[in-house]
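Read through the structure below, which is laid out as structure tokens, and then see the notes.
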Amino acid sequence: MSDPILYTNPMSRGRIARWMLEETGSPYTTQIVPFGPVMKDAEYRSINPMGKVPALQHNDHIITETAAIIAYLADIFPDAKLAPTADERAKYYRWLFFGAGPVEAAVSNHASGFNPTEEQGRFIGYGSYETVMDVLDQALSETPYITGDRFTAADVYVGAQVNFGLGFNTIEKRPSFIAYSQRLLERPALQRATALDDADMAKMKT
């Protein structure tokens, strides 16, 4: 089995995928894809037709979409114990896709200045930014991690959303979010991934 190749940019959601790779403890390589023409050219679009990062190449497979990359890595590296147990599976998928769906959409729209009216919220999947924040707050107030007492791959995606939101003031600084973020920031894998991404970002600026 060949090592995964991560196509990424340190100023993108590729940081989430690198964190996940570091959590697996398995070897991988990175290909930095600059924003602009290179990310949109035919060569890279043969990897990801969206012209976006991250993307993961593993053996003969290409995986795009950050949540899918995280779930895939959890499955192919079972020794890392990041995939859910049978009892965790329902919550794992629920919150992983809640992060990739309602949280991602609500926070992005809110940060862009779009907050649906009550009528618009009836046909917009997440309803309202406030509802999403309340639901996430309740979940993170009940258990230390999103699926319960144990860190799983779902925490990589949900946690990255919370960390980013707190850092850039796109989510409210609620006590449950701050406590959750502090737990995640203590993880050695996240610290390693952050250092690697920051080093790559510094190289790009020179």
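Chains: A, B, ... in order of the structure tokens. Residues: from 1 per chain. Ligands: from 1, in order shown.
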
>> Please identify the alpha helix (DSSP H) residues within segment 12-146 of chain A (assignment by DSSP from backbone atoms) and present them as a VMD selection string.
In response: chain A and resid 14 to 24 37 to 40 42 to 45 66 to 76 89 to 98 104 to 111 118 to 121 129 to 142

Please list as a PDB file with all heavy atoms, in the first residue's frame every residue within 7 Å of segment 37-40 of chain A, counting only C-alpha atoms and excluding residues in the same chain fewer than 5 positions away.
```pdb
ATOM      1  N   ARG A  45      -6.745  19.868 -12.038  1.00  0.00           N
ATOM      2  CA  ARG A  45      -8.170  19.532 -12.118  1.00  0.00           C
ATOM      3  C   ARG A  45      -8.388  18.070 -12.496  1.00  0.00           C
ATOM      4  O   ARG A  45      -9.499  17.542 -12.330  1.00  0.00           O
ATOM      5  CB  ARG A  45      -8.881  20.482 -13.071  1.00  0.00           C
ATOM      6  CG  ARG A  45      -9.074  21.875 -12.472  1.00  0.00           C
ATOM      7  CD  ARG A  45      -9.525  22.868 -13.523  1.00  0.00           C
ATOM      8  NE  ARG A  45     -10.918  22.646 -13.882  1.00  0.00           N
ATOM      9  CZ  ARG A  45     -11.942  23.318 -13.355  1.00  0.00           C
ATOM     10  NH1 ARG A  45     -11.722  24.244 -12.435  1.00  0.00           N
ATOM     11  NH2 ARG A  45     -13.171  23.096 -13.752  1.00  0.00           N
ATOM     12  N   GLY A  51     -11.057  22.215  -8.733  1.00  0.00           N
ATOM     13  CA  GLY A  51      -9.962  23.177  -8.633  1.00  0.00           C
ATOM     14  C   GLY A  51      -9.800  23.703  -7.223  1.00  0.00           C
ATOM     15  O   GLY A  51      -9.506  24.889  -7.010  1.00  0.00           O
ATOM     16  N   LYS A  52      -9.990  22.817  -6.249  1.00  0.00           N
ATOM     17  CA  LYS A  52      -9.928  23.180  -4.835  1.00  0.00           C
ATOM     18  C   LYS A  52      -9.008  22.210  -4.098  1.00  0.00           C
ATOM     19  O   LYS A  52      -8.758  21.095  -4.558  1.00  0.00           O
ATOM     20  CB  LYS A  52     -11.323  23.113  -4.200  1.00  0.00           C
ATOM     21  CG  LYS A  52     -12.334  24.136  -4.734  1.00  0.00           C
ATOM     22  CD  LYS A  52     -12.151  25.473  -4.056  1.00  0.00           C
ATOM     23  CE  LYS A  52     -13.307  26.421  -4.352  1.00  0.00           C
ATOM     24  NZ  LYS A  52     -13.169  27.696  -3.628  1.00  0.00           N
TER      25      LYS A  52
END
```

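Within 10 Å of Asn59 of chain A, once only C-alpha atoms are used and residues closer than 5 positions along the same chain are dropped, the contacting residues are Met1, Ser2, Asp3, Pro4 and Ile5 of chain A.
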
> What is the atom CA of Ile47 of chain A-atom CA of Gly14 of chain A distance in Å, reported with one decimal?
Replying inline: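 Calculated distance between atom CA of Ile47 of chain A and atom CA of Gly14 of chain A is 14.5 Å.
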
>> Could you list, as JSON, numbers by chain, every residue within 12 Å of Gln57 of chain A, counting only C-alpha atoms and ignoring same-chain residues fewer than 5 positions away?
In response: {"A": [1, 2, 3, 4, 5, 6, 7, 8, 28, 29, 30, 31, 44, 46, 47, 48, 62, 63, 64, 69, 72, 73]}

>> When DSSP is applied to the backbone of this structure, which of segment 16-182 of chain A are assigned strand (DSSP E or B)? Write them out as a list in words.
In response: Thr29, Thr30, Gln31, Ile32, Ala55, Leu56, Gln57, His58, His61, Ile62, Ile63, Thr64, Tyr145 and Gly148 of chain A

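Once segment 128-141 of chain A and its same-chain neighbours fewer than 4 positions away are set aside, A:Ala106, A:Gly121, A:Ser176 remain within 6 Å of it when counting only C-alpha atoms.
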
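In this model, the gap between atom CA of Arg94 of chain A and atom CA of Asp155 of chain A comes to 11.8 Å.
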
> Between A:Ala100, A:Ala202, A:Leu166, A:Arg18, which has the minimum distance to Ala55 of chain A (counting only C-alpha atoms)?
Replying inline: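 That would be A:Arg18, the residue with the smallest distance to Ala55 of chain A.
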
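Proximity to Thr170 of chain A was assessed for A:Leu21, A:Ala90, A:Ala111, A:Ala105 counting only C-alpha atoms; the smallest distance is recorded for A:Ala111.
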
> Which one is closest to Tyr93 of chain A: A:Ile178, A:Val107, A:Ala154, A:Val162? Count only C-alpha atoms.
Replying inline: A:Ala154

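Taking atom CA of Ile146 of chain A as the reference point, atom CA of Trp95 of chain A is found at 6.9 Å.
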
> Which residues come within 9 Å of Asn9 of chain A, counting only C-alpha atoms, excluding same-chain residues fewer than 5 positions away, as a PyMOL selection string?
Replying inline: chain A and resi 14-15+31-35+53-54+197+200-201
